[in-house]
file target.pdb (PDB, C-alpha atoms, pLDDT in the B column)
ATOM      1  CA  MET L 453     -11.805  -3.576  -1.395  1.00 51.00           C
ATOM      2  CA  VAL L 454     -10.736   0.000  -0.948  1.00 51.00           C
ATOM      3  CA  LYS L 455     -12.828   2.486  -2.859  1.00 51.00           C
ATOM      4  CA  TRP L 456     -10.804   4.987  -4.751  1.00 51.00           C
ATOM      5  CA  GLY L 457     -11.219   8.680  -4.078  1.00 51.00           C
ATOM      6  CA  TYR L 458     -10.995  11.323  -6.761  1.00 48.00           C
ATOM      7  CA  GLU L 459      -8.566  14.210  -6.737  1.00 51.00           C
ATOM      8  CA  THR L 460     -10.219  17.441  -5.635  1.00 53.00           C
ATOM      9  CA  MET L 461     -10.730  19.906  -8.467  1.00 50.00           C
ATOM     10  CA  LYS L 462     -12.324  23.338  -8.121  1.00 64.00           C
ATOM     11  CA  THR L 463     -14.431  23.314 -11.266  1.00 70.00           C
ATOM     12  CA  PRO L 464     -14.191  19.904 -12.955  1.00 73.00           C
ATOM     13  CA  THR L 465     -15.653  19.632 -16.404  1.00 81.00           C
ATOM     14  CA  ARG L 466     -17.915  16.761 -17.368  1.00 79.00           C
ATOM     15  CA  GLN L 467     -15.052  15.240 -19.329  1.00 76.00           C
ATOM     16  CA  GLN L 468     -12.744  15.442 -16.313  1.00 78.00           C
ATOM     17  CA  ILE L 469     -15.380  13.813 -14.131  1.00 80.00           C
ATOM     18  CA  ARG L 470     -15.840  10.991 -16.631  1.00 83.00           C
ATOM     19  CA  THR L 471     -12.061  10.537 -16.827  1.00 82.00           C
ATOM     20  CA  GLN L 472     -11.751  10.360 -13.045  1.00 86.00           C
ATOM     21  CA  GLU L 473     -14.627   7.901 -12.787  1.00 90.00           C
ATOM     22  CA  THR L 474     -13.131   5.665 -15.461  1.00 91.00           C
ATOM     23  CA  GLN L 475      -9.699   5.704 -13.844  1.00 92.00           C
ATOM     24  CA  ALA L 476     -11.209   4.895 -10.469  1.00 93.00           C
ATOM     25  CA  ARG L 477     -13.237   2.003 -11.901  1.00 94.00           C
ATOM     26  CA  LEU L 478     -10.206   0.604 -13.723  1.00 96.00           C
ATOM     27  CA  LEU L 479      -8.030   0.790 -10.601  1.00 96.00           C
ATOM     28  CA  GLU L 480     -10.674  -0.915  -8.467  1.00 95.00           C
ATOM     29  CA  ALA L 481     -11.056  -3.676 -11.045  1.00 97.00           C
ATOM     30  CA  ALA L 482      -7.279  -3.974 -11.459  1.00 96.00           C
ATOM     31  CA  GLU L 483      -6.849  -4.538  -7.734  1.00 96.00           C
ATOM     32  CA  GLU L 484      -9.399  -7.336  -7.761  1.00 96.00           C
ATOM     33  CA  ILE L 485      -7.839  -9.092 -10.751  1.00 97.00           C
ATOM     34  CA  PHE L 486      -4.171  -8.570  -9.842  1.00 96.00           C
ATOM     35  CA  VAL L 487      -4.726  -9.849  -6.299  1.00 94.00           C
ATOM     36  CA  ARG L 488      -6.655 -12.858  -7.564  1.00 94.00           C
ATOM     37  CA  ASP L 489      -4.564 -13.798 -10.612  1.00 95.00           C
ATOM     38  CA  GLY L 490      -1.200 -12.107 -10.071  1.00 93.00           C
ATOM     39  CA  PHE L 491       0.464  -9.820 -12.579  1.00 93.00           C
ATOM     40  CA  GLU L 492       1.303 -12.495 -15.129  1.00 92.00           C
ATOM     41  CA  GLY L 493      -2.138 -14.073 -15.028  1.00 94.00           C
ATOM     42  CA  ALA L 494      -4.148 -10.845 -15.084  1.00 96.00           C
ATOM     43  CA  GLN L 495      -5.795  -9.998 -18.401  1.00 96.00           C
ATOM     44  CA  LEU L 496      -6.548  -6.426 -19.429  1.00 96.00           C
ATOM     45  CA  ASP L 497      -9.775  -7.395 -21.145  1.00 95.00           C
ATOM     46  CA  GLU L 498     -11.047  -8.937 -17.910  1.00 97.00           C
ATOM     47  CA  ILE L 499     -10.015  -5.860 -15.929  1.00 97.00           C
ATOM     48  CA  ALA L 500     -11.886  -3.680 -18.421  1.00 96.00           C
ATOM     49  CA  ALA L 501     -14.960  -5.904 -18.285  1.00 96.00           C
ATOM     50  CA  THR L 502     -14.942  -5.906 -14.476  1.00 96.00           C
ATOM     51  CA  ALA L 503     -14.769  -2.114 -14.568  1.00 95.00           C
ATOM     52  CA  GLY L 504     -17.615  -1.958 -17.073  1.00 94.00           C
ATOM     53  CA  ARG L 505     -15.351  -0.379 -19.657  1.00 93.00           C
ATOM     54  CA  SER L 506     -13.816  -1.414 -22.973  1.00 91.00           C
ATOM     55  CA  LYS L 507     -10.261  -2.704 -23.318  1.00 92.00           C
ATOM     56  CA  GLY L 508      -9.501   0.365 -25.392  1.00 92.00           C
ATOM     57  CA  SER L 509     -10.397   2.476 -22.387  1.00 91.00           C
ATOM     58  CA  VAL L 510      -7.529   0.880 -20.469  1.00 94.00           C
ATOM     59  CA  TYR L 511      -5.052   2.029 -23.106  1.00 94.00           C
ATOM     60  CA  THR L 512      -6.559   5.503 -23.061  1.00 93.00           C
ATOM     61  CA  HIS L 513      -5.543   5.905 -19.430  1.00 93.00           C
ATOM     62  CA  PHE L 514      -2.558   3.567 -19.069  1.00 94.00           C
ATOM     63  CA  LYS L 515       0.274   2.659 -21.452  1.00 93.00           C
ATOM     64  CA  ASN L 516       0.114  -1.084 -20.774  1.00 94.00           C
ATOM     65  CA  LYS L 517      -0.488  -3.653 -18.049  1.00 94.00           C
ATOM     66  CA  GLU L 518       2.722  -2.729 -16.228  1.00 92.00           C
ATOM     67  CA  ASP L 519       1.751   0.938 -16.181  1.00 92.00           C
ATOM     68  CA  LEU L 520      -1.650   0.065 -14.728  1.00 94.00           C
ATOM     69  CA  PHE L 521      -0.046  -2.207 -12.131  1.00 94.00           C
ATOM     70  CA  LEU L 522       2.392   0.503 -11.084  1.00 90.00           C
ATOM     71  CA  ALA L 523      -0.359   3.141 -10.953  1.00 92.00           C
ATOM     72  CA  LEU L 524      -2.418   0.861  -8.733  1.00 93.00           C
ATOM     73  CA  PHE L 525       0.441   0.320  -6.289  1.00 90.00           C
ATOM     74  CA  GLU L 526       1.335   4.016  -6.230  1.00 88.00           C
ATOM     75  CA  HIS L 527      -2.275   5.026  -5.623  1.00 90.00           C
ATOM     76  CA  ARG L 528      -2.790   2.529  -2.833  1.00 91.00           C
ATOM     77  CA  THR L 529       0.531   3.422  -1.207  1.00 87.00           C
ATOM     78  CA  ARG L 530      -0.029   7.162  -1.428  1.00 87.00           C
ATOM     79  CA  ALA L 531      -3.471   6.807   0.140  1.00 90.00           C
ATOM     80  CA  SER L 532      -2.046   4.773   3.047  1.00 89.00           C
ATOM     81  CA  VAL L 533       0.798   7.206   3.694  1.00 87.00           C
ATOM     82  CA  GLU L 534      -1.587  10.161   3.623  1.00 89.00           C
ATOM     83  CA  ARG L 535      -3.981   8.392   5.988  1.00 91.00           C
ATOM     84  CA  LEU L 536      -1.173   7.683   8.461  1.00 91.00           C
ATOM     85  CA  GLY L 537      -0.003  11.289   8.229  1.00 89.00           C
ATOM     86  CA  ASN L 538      -3.490  12.587   9.002  1.00 91.00           C
ATOM     87  CA  ILE L 539      -3.774  10.257  11.991  1.00 93.00           C
ATOM     88  CA  VAL L 540      -0.389  11.286  13.387  1.00 90.00           C
ATOM     89  CA  LYS L 541      -1.187  14.993  13.087  1.00 89.00           C
ATOM     90  CA  LYS L 542      -3.984  14.551  15.617  1.00 91.00           C
ATOM     91  CA  CYS L 543      -1.607  13.152  18.252  1.00 91.00           C
ATOM     92  CA  THR L 544      -0.098  15.412  20.893  1.00 89.00           C
ATOM     93  CA  ASP L 545       2.989  13.461  22.020  1.00 89.00           C
ATOM     94  CA  ARG L 546       5.295  10.607  21.002  1.00 87.00           C
ATOM     95  CA  LYS L 547       3.433   8.057  23.094  1.00 89.00           C
ATOM     96  CA  GLN L 548       0.180   8.804  21.282  1.00 92.00           C
ATOM     97  CA  ARG L 549       1.912   8.815  17.892  1.00 92.00           C
ATOM     98  CA  LEU L 550       3.519   5.436  18.498  1.00 92.00           C
ATOM     99  CA  ALA L 551       0.190   3.987  19.673  1.00 94.00           C
ATOM    100  CA  ALA L 552      -1.537   5.391  16.587  1.00 94.00           C
ATOM    101  CA  PHE L 553       1.156   3.908  14.336  1.00 95.00           C
ATOM    102  CA  ARG L 554       0.692   0.538  16.068  1.00 95.00           C
ATOM    103  CA  ASP L 555      -3.076   0.612  15.486  1.00 96.00           C
ATOM    104  CA  PHE L 556      -2.505   1.634  11.861  1.00 95.00           C
ATOM    105  CA  TYR L 557      -0.091  -1.263  11.324  1.00 95.00           C
ATOM    106  CA  VAL L 558      -2.233  -3.895  13.015  1.00 96.00           C
ATOM    107  CA  GLY L 559      -5.251  -2.563  11.106  1.00 95.00           C
ATOM    108  CA  PHE L 560      -3.784  -3.827   7.829  1.00 94.00           C
ATOM    109  CA  VAL L 561      -5.091  -7.246   8.852  1.00 95.00           C
ATOM    110  CA  ARG L 562      -8.442  -6.012   7.538  1.00 93.00           C
ATOM    111  CA  ASP L 563      -6.887  -5.028   4.198  1.00 92.00           C
ATOM    112  CA  LYS L 564      -5.326  -8.280   3.045  1.00 91.00           C
ATOM    113  CA  ALA L 565      -5.553  -7.259  -0.597  1.00 92.00           C
ATOM    114  CA  PHE L 566      -2.864  -4.606  -0.132  1.00 91.00           C
ATOM    115  CA  SER L 567      -0.427  -7.083   1.430  1.00 91.00           C
ATOM    116  CA  ILE L 568      -0.951  -9.550  -1.421  1.00 92.00           C
ATOM    117  CA  LEU L 569      -0.607  -6.718  -3.929  1.00 91.00           C
ATOM    118  CA  THR L 570       2.676  -5.677  -2.275  1.00 90.00           C
ATOM    119  CA  LEU L 571       4.025  -9.232  -2.497  1.00 91.00           C
ATOM    120  CA  GLU L 572       3.041  -9.402  -6.162  1.00 91.00           C
ATOM    121  CA  PHE L 573       4.686  -6.039  -6.733  1.00 88.00           C
ATOM    122  CA  LYS L 574       7.994  -7.214  -5.227  1.00 87.00           C
ATOM    123  CA  LEU L 575       7.958 -10.471  -7.176  1.00 88.00           C
ATOM    124  CA  TYR L 576       7.348  -8.616 -10.421  1.00 87.00           C
ATOM    125  CA  ALA L 577      10.245  -6.245  -9.752  1.00 84.00           C
ATOM    126  CA  LEU L 578      12.582  -9.183  -9.087  1.00 84.00           C
ATOM    127  CA  ARG L 579      11.516 -10.996 -12.249  1.00 85.00           C
ATOM    128  CA  HIS L 580      11.722  -7.927 -14.482  1.00 82.00           C
ATOM    129  CA  PRO L 581      15.055  -6.214 -13.755  1.00 78.00           C
ATOM    130  CA  GLU L 582      14.529  -3.746 -16.591  1.00 76.00           C
ATOM    131  CA  SER L 583      11.663  -2.267 -14.561  1.00 73.00           C
ATOM    132  CA  LYS L 584      13.224  -2.718 -11.128  1.00 71.00           C
ATOM    133  CA  GLU L 585      14.413   0.885 -10.693  1.00 75.00           C
ATOM    134  CA  ARG L 586      11.038   2.335 -11.586  1.00 72.00           C
ATOM    135  CA  PHE L 587       9.320  -0.025  -9.201  1.00 73.00           C
ATOM    136  CA  ARG L 588      11.904   0.609  -6.479  1.00 74.00           C
ATOM    137  CA  LYS L 589      11.032   4.329  -6.508  1.00 75.00           C
ATOM    138  CA  ALA L 590       7.353   3.513  -6.171  1.00 73.00           C
ATOM    139  CA  PHE L 591       8.054   1.090  -3.344  1.00 71.00           C
ATOM    140  CA  GLU L 592      10.001   3.765  -1.444  1.00 73.00           C
ATOM    141  CA  MET L 593       6.713   5.609  -0.968  1.00 67.00           C
ATOM    142  CA  SER L 594       5.401   2.762   1.169  1.00 61.00           C
ATOM    143  CA  LYS L 595       8.087   3.230   3.812  1.00 60.00           C
ATOM    144  CA  ALA L 596       7.406   5.595   6.669  1.00 50.00           C
ATOM    145  CA  ARG L 597      11.059   6.637   6.594  1.00 47.00           C
ATOM    146  CA  SER L 598      10.814   7.855   2.981  1.00 48.00           C
ATOM    147  CA  GLY L 599       9.158  11.125   3.966  1.00 52.00           C
ATOM    148  CA  LYS L 600      11.222  13.138   6.439  1.00 62.00           C
ATOM    149  CA  GLY L 601       8.236  15.101   7.685  1.00 77.00           C
ATOM    150  CA  LEU L 602       6.187  12.018   8.538  1.00 82.00           C
ATOM    151  CA  TYR L 603       9.239  10.262   9.971  1.00 84.00           C
ATOM    152  CA  VAL L 604       9.981  13.119  12.353  1.00 84.00           C
ATOM    153  CA  ASP L 605       6.303  13.426  13.246  1.00 82.00           C
ATOM    154  CA  LEU L 606       6.279   9.766  14.211  1.00 85.00           C
ATOM    155  CA  PHE L 607       9.591   9.387  16.024  1.00 86.00           C
ATOM    156  CA  GLY L 608      10.974  12.853  16.649  1.00 82.00           C
ATOM    157  CA  GLU L 609      14.588  13.818  16.039  1.00 82.00           C
ATOM    158  CA  LEU L 610      16.900  10.811  16.426  1.00 84.00           C
ATOM    159  CA  THR L 611      20.645  10.385  16.629  1.00 88.00           C
ATOM    160  CA  ARG L 612      22.321   8.550  13.763  1.00 89.00           C
ATOM    161  CA  GLY L 613      22.601   5.356  15.794  1.00 89.00           C
ATOM    162  CA  MET L 614      18.985   5.530  16.953  1.00 89.00           C
ATOM    163  CA  ARG L 615      17.820   6.155  13.403  1.00 89.00           C
ATOM    164  CA  THR L 616      19.757   3.127  12.137  1.00 92.00           C
ATOM    165  CA  GLU L 617      18.005   0.885  14.657  1.00 92.00           C
ATOM    166  CA  ASN L 618      14.663   2.538  13.930  1.00 91.00           C
ATOM    167  CA  ASP L 619      15.049   2.030  10.183  1.00 90.00           C
ATOM    168  CA  LEU L 620      15.903  -1.632  10.758  1.00 93.00           C
ATOM    169  CA  ALA L 621      12.682  -2.073  12.718  1.00 93.00           C
ATOM    170  CA  LEU L 622      10.661  -0.253  10.063  1.00 92.00           C
ATOM    171  CA  ALA L 623      12.146  -2.414   7.316  1.00 90.00           C
ATOM    172  CA  ALA L 624      10.893  -5.519   9.121  1.00 94.00           C
ATOM    173  CA  LEU L 625       7.275  -4.398   9.552  1.00 94.00           C
ATOM    174  CA  GLY L 626       6.103  -4.810   5.959  1.00 91.00           C
ATOM    175  CA  PRO L 627       7.630  -8.247   5.248  1.00 93.00           C
ATOM    176  CA  ILE L 628       6.338  -9.610   8.563  1.00 96.00           C
ATOM    177  CA  LEU L 629       2.830  -8.365   7.798  1.00 95.00           C
ATOM    178  CA  SER L 630       2.830  -9.672   4.219  1.00 93.00           C
ATOM    179  CA  GLY L 631       4.295 -13.024   5.200  1.00 94.00           C
ATOM    180  CA  LEU L 632       1.777 -13.622   7.974  1.00 96.00           C
ATOM    181  CA  ILE L 633      -1.185 -12.603   5.831  1.00 95.00           C
ATOM    182  CA  LEU L 634       0.016 -14.926   3.077  1.00 93.00           C
ATOM    183  CA  GLU L 635       0.436 -17.745   5.590  1.00 95.00           C
ATOM    184  CA  SER L 636      -3.050 -17.103   7.014  1.00 95.00           C
ATOM    185  CA  ASN L 637      -4.470 -18.576   3.808  1.00 92.00           C
ATOM    186  CA  PHE L 638      -2.923 -21.912   4.811  1.00 95.00           C
ATOM    187  CA  GLU L 639      -3.383 -21.640   8.599  1.00 95.00           C
ATOM    188  CA  PRO L 640      -6.760 -19.898   8.848  1.00 94.00           C
ATOM    189  CA  ASP L 641      -7.645 -21.327  12.257  1.00 95.00           C
ATOM    190  CA  VAL L 642      -4.400 -20.331  13.921  1.00 95.00           C
ATOM    191  CA  LEU L 643      -3.837 -17.130  11.976  1.00 95.00           C
ATOM    192  CA  SER L 644      -7.378 -15.821  12.202  1.00 96.00           C
ATOM    193  CA  GLU L 645      -7.964 -12.071  12.105  1.00 95.00           C
ATOM    194  CA  LYS L 646      -7.758 -11.892  15.892  1.00 96.00           C
ATOM    195  CA  GLY L 647      -4.708 -14.132  15.913  1.00 96.00           C
ATOM    196  CA  LEU L 648      -2.977 -11.953  13.335  1.00 97.00           C
ATOM    197  CA  GLN L 649      -3.794  -8.830  15.305  1.00 97.00           C
ATOM    198  CA  ARG L 650      -2.285 -10.316  18.463  1.00 97.00           C
ATOM    199  CA  ILE L 651       0.944 -11.483  16.862  1.00 97.00           C
ATOM    200  CA  LEU L 652       1.378  -8.279  14.865  1.00 97.00           C
ATOM    201  CA  GLY L 653       0.781  -6.218  17.992  1.00 97.00           C
ATOM    202  CA  ARG L 654       3.388  -8.202  19.901  1.00 96.00           C
ATOM    203  CA  THR L 655       5.816  -7.891  17.000  1.00 96.00           C
ATOM    204  CA  PHE L 656       5.330  -4.134  16.830  1.00 96.00           C
ATOM    205  CA  ASP L 657       5.876  -3.796  20.591  1.00 96.00           C
ATOM    206  CA  ALA L 658       9.089  -5.795  20.355  1.00 95.00           C
ATOM    207  CA  LEU L 659      10.408  -3.611  17.524  1.00 95.00           C
ATOM    208  CA  PHE L 660       9.153  -0.339  19.008  1.00 92.00           C
ATOM    209  CA  PRO L 661       8.926  -0.705  22.820  1.00 86.00           C
ATOM    210  CA  PRO L 662       6.107   1.445  24.221  1.00 74.00           C
ATOM    211  CA  THR L 663       7.256   4.620  25.897  1.00 62.00           C
ATOM    212  CA  SER L 664       6.271   5.543  29.408  1.00 49.00           C
TER     213      SER L 664
END
call {"tool": "encode", "arguments": {"input": "target.pdb", "output": "structure tokens"}}
result
Amino acid sequence: MVKWGYETMKTPTRQQIRTQETQARLLEAAEEIFVRDGFEGAQLDEIAATAGRSKGSVYTHFKNKEDLFLALFEHRTRASVERLGNIVKKCTDRKQRLAAFRDFYVGFVRDKAFSILTLEFKLYALRHPESKERFRKAFEMSKARSGKGLYVDLFGELTRGMRTENDLALAALGPILSGLILESNFEPDVLSEKGLQRILGRTFDALFPPTS
């Protein structure tokens, strides 16, 4: 499970530190319960107990279960996007950036919880159309093409036609990853961690041919 970092503050008060710690504990516990039980099955009192906090503490920091679920997805997504951005900044040319993006993508095999969480997030949005727009905006953060700066850092300036093809490839990456990780629960021998890494690497290379 990913451990949650705290936002950097110059001179945090004790109350701010306690608030950050509580939010971090609740988000960690929420990930565990949402991944295990799904949104519908997750219970706020169990999330609170897992975090070592009271149920009232949940409502102090989040409006309801949906708000907590959305905050969890946003936090996880933002952390991933920032991590990819930091990795890409260290690369000196497109070849290195594409290789770094490939490693980043294949590396999600070791973070199965996020893929399951993403699937649960999409299913919830489909089943609750009144919340779909709010969830759609959060989901946009998870796409590399959503931030122009990161997109250009990764792929450089593209023509309209090249960008269309690139966006199509990007749109396929997440569903392929989530689907294979879900299937690995039923085909653990075939879709082992190493097996997943191989097939995801080959998929990435087919969608984004390595440059010379």
call {"tool": "resolve_selection", "arguments": {"input": "target.pdb", "expression": "the PyMOL selection byres ((chain L and resi 561-566) around 8)", "output": "list in words"}}
result
Met453, Glu483, Val487, Arg528, Val558, Gly559, Phe560, Ser567, Ile568, Leu569, Thr570, Ile633, Glu645, Leu648 and Gln649 of chain L
call {"tool": "write_last_selection", "arguments": {"input": "target.pdb", "atoms": "C-alpha atoms", "output": "PDB file, in the frame of the given file"}}
result
ATOM      1  CA  MET L 453     -11.805  -3.576  -1.395  1.00 51.00           C
ATOM      2  CA  GLU L 483      -6.849  -4.538  -7.734  1.00 96.00           C
ATOM      3  CA  VAL L 487      -4.726  -9.849  -6.299  1.00 94.00           C
ATOM      4  CA  ARG L 528      -2.790   2.529  -2.833  1.00 91.00           C
ATOM      5  CA  VAL L 558      -2.233  -3.895  13.015  1.00 96.00           C
ATOM      6  CA  GLY L 559      -5.251  -2.563  11.106  1.00 95.00           C
ATOM      7  CA  PHE L 560      -3.784  -3.827   7.829  1.00 94.00           C
ATOM      8  CA  SER L 567      -0.427  -7.083   1.430  1.00 91.00           C
ATOM      9  CA  ILE L 568      -0.951  -9.550  -1.421  1.00 92.00           C
ATOM     10  CA  LEU L 569      -0.607  -6.718  -3.929  1.00 91.00           C
ATOM     11  CA  THR L 570       2.676  -5.677  -2.275  1.00 90.00           C
ATOM     12  CA  ILE L 633      -1.185 -12.603   5.831  1.00 95.00           C
ATOM     13  CA  GLU L 645      -7.964 -12.071  12.105  1.00 95.00           C
ATOM     14  CA  LEU L 648      -2.977 -11.953  13.335  1.00 97.00           C
ATOM     15  CA  GLN L 649      -3.794  -8.830  15.305  1.00 97.00           C
TER      16      GLN L 649
END
call {"tool": "atom_distance", "arguments": {"input": "target.pdb", "atom1": "atom CA of L:Asp519", "atom2": "atom CA of L:Arg535"}}
result
24.1 Å
call {"tool": "axis_aligned_box", "arguments": {"input": "target.pdb", "around": "stretch 607-612 of chain L", "padding_each_side": "3 Å", "output": "lines of an AutoDock Vina configuration file"}}
result
center_x = 16.0
center_y = 11.2
center_z = 15.2
size_x = 18.7
size_y = 11.3
size_z = 8.9
call {"tool": "closest_residue", "arguments": {"input": "target.pdb", "among": "L:Phe607, L:Phe525, L:Phe514, L:Phe638", "to": "L:Phe591", "atoms": "all atoms listed in the file"}}
result
L:Phe525
call {"tool": "residues_near_point", "arguments": {"input": "target.pdb", "point": "(-11.1, -9.5, -10.5)", "cutoff": "6 Å", "atoms": "all atoms listed in the file", "output": "VMD selection string"}}
result
chain L and resid 481 484 to 485
call {"tool": "resolve_selection", "arguments": {"input": "target.pdb", "expression": "the PyMOL selection byres ((chain L and resi 625) around 9)", "output": "list in words"}}
result
Tyr557, Ala621, Leu622, Ala623, Ala624, Gly626, Pro627, Ile628, Leu629, Ser630, Leu652, Thr655, Phe656 and Leu659 of chain L
call {"tool": "resolve_selection", "arguments": {"input": "target.pdb", "expression": "the PyMOL selection byres ((chain L and resi 492) around 12)", "output": "list of chain:residue names"}}
result
L:Ile485, L:Phe486, L:Val487, L:Arg488, L:Asp489, L:Gly490, L:Phe491, L:Gly493, L:Ala494, L:Gln495, L:Leu496, L:Lys517, L:Glu518, L:Phe521, L:Glu572, L:Phe573, L:Leu575, L:Tyr576, L:Arg579, L:His580
call {"tool": "closest_residue", "arguments": {"input": "target.pdb", "among": "L:Ile499, L:Ala590, L:Thr471, L:Gly653", "to": "L:Phe556", "atoms": "only C-alpha atoms"}}
result
L:Gly653
call {"tool": "closest_residue", "arguments": {"input": "target.pdb", "among": "L:Glu635, L:Asp545, L:Glu592, L:Glu585", "to": "L:Val533", "atoms": "all atoms listed in the file"}}
result
L:Glu592
call {"tool": "decode", "arguments": {"input": "target.pdb", "residues": "stretch 468-475 of chain L", "atoms": "all heavy atoms", "output": "mmCIF file, in the first residue's frame"}}
result
data_model
loop_
_atom_site.group_PDB
_atom_site.id
_atom_site.type_symbol
_atom_site.label_atom_id
_atom_site.label_comp_id
_atom_site.auth_asym_id
_atom_site.auth_seq_id
_atom_site.Cartn_x
_atom_site.Cartn_y
_atom_site.Cartn_z
ATOM 1 N N GLN L 468 -2.593 21.519 12.789
ATOM 2 C CA GLN L 468 -2.434 21.208 11.376
ATOM 3 C C GLN L 468 -1.754 19.853 11.191
ATOM 4 O O GLN L 468 -2.129 19.075 10.311
ATOM 5 C CB GLN L 468 -1.621 22.309 10.688
ATOM 6 C CG GLN L 468 -2.387 23.610 10.515
ATOM 7 C CD GLN L 468 -1.506 24.746 10.040
ATOM 8 O OE1 GLN L 468 -0.298 24.772 10.322
ATOM 9 N NE2 GLN L 468 -2.095 25.688 9.328
ATOM 10 N N ILE L 469 -0.776 19.580 12.030
ATOM 11 C CA ILE L 469 -0.082 18.292 11.948
ATOM 12 C C ILE L 469 -1.038 17.154 12.273
ATOM 13 O O ILE L 469 -1.066 16.123 11.584
ATOM 14 C CB ILE L 469 1.132 18.275 12.903
ATOM 15 C CG1 ILE L 469 2.211 19.240 12.404
ATOM 16 C CG2 ILE L 469 1.697 16.857 13.018
ATOM 17 C CD1 ILE L 469 3.371 19.405 13.354
ATOM 18 N N ARG L 470 -1.842 17.334 13.313
ATOM 19 C CA ARG L 470 -2.818 16.301 13.673
ATOM 20 C C ARG L 470 -3.835 16.103 12.550
ATOM 21 O O ARG L 470 -4.225 14.972 12.256
ATOM 22 C CB ARG L 470 -3.521 16.674 14.978
ATOM 23 C CG ARG L 470 -2.668 16.497 16.226
ATOM 24 C CD ARG L 470 -3.531 16.508 17.481
ATOM 25 N NE ARG L 470 -4.164 17.816 17.673
ATOM 26 C CZ ARG L 470 -3.616 18.798 18.385
ATOM 27 N NH1 ARG L 470 -2.437 18.635 18.961
ATOM 28 N NH2 ARG L 470 -4.251 19.963 18.535
ATOM 29 N N THR L 471 -4.258 17.208 11.927
ATOM 30 C CA THR L 471 -5.217 17.117 10.825
ATOM 31 C C THR L 471 -4.626 16.349 9.653
ATOM 32 O O THR L 471 -5.276 15.473 9.075
ATOM 33 C CB THR L 471 -5.636 18.529 10.354
ATOM 34 O OG1 THR L 471 -6.314 19.192 11.424
ATOM 35 C CG2 THR L 471 -6.549 18.455 9.140
ATOM 36 N N GLN L 472 -3.386 16.657 9.314
ATOM 37 C CA GLN L 472 -2.712 15.975 8.207
ATOM 38 C C GLN L 472 -2.543 14.485 8.507
ATOM 39 O O GLN L 472 -2.752 13.631 7.638
ATOM 40 C CB GLN L 472 -1.354 16.624 7.945
ATOM 41 C CG GLN L 472 -1.455 18.032 7.385
ATOM 42 C CD GLN L 472 -0.129 18.769 7.431
ATOM 43 O OE1 GLN L 472 0.880 18.249 7.927
ATOM 44 N NE2 GLN L 472 -0.124 19.989 6.934
ATOM 45 N N GLU L 473 -2.155 14.176 9.734
ATOM 46 C CA GLU L 473 -1.971 12.780 10.112
ATOM 47 C C GLU L 473 -3.286 12.011 10.030
ATOM 48 O O GLU L 473 -3.330 10.874 9.544
ATOM 49 C CB GLU L 473 -1.398 12.690 11.528
ATOM 50 C CG GLU L 473 0.062 13.124 11.631
ATOM 51 C CD GLU L 473 0.566 13.094 13.065
ATOM 52 O OE1 GLU L 473 -0.272 13.010 13.993
ATOM 53 O OE2 GLU L 473 1.795 13.147 13.253
ATOM 54 N N THR L 474 -4.357 12.637 10.501
ATOM 55 C CA THR L 474 -5.661 11.977 10.465
ATOM 56 C C THR L 474 -6.115 11.760 9.030
ATOM 57 O O THR L 474 -6.599 10.671 8.670
ATOM 58 C CB THR L 474 -6.717 12.809 11.222
ATOM 59 O OG1 THR L 474 -6.335 12.883 12.599
ATOM 60 C CG2 THR L 474 -8.094 12.175 11.109
ATOM 61 N N GLN L 475 -5.967 12.766 8.183
ATOM 62 C CA GLN L 475 -6.348 12.615 6.788
ATOM 63 C C GLN L 475 -5.551 11.513 6.107
ATOM 64 O O GLN L 475 -6.102 10.711 5.352
ATOM 65 C CB GLN L 475 -6.153 13.946 6.053
ATOM 66 C CG GLN L 475 -7.162 15.009 6.434
ATOM 67 C CD GLN L 475 -6.886 16.347 5.774
ATOM 68 O OE1 GLN L 475 -5.753 16.634 5.360
ATOM 69 N NE2 GLN L 475 -7.909 17.182 5.692
#
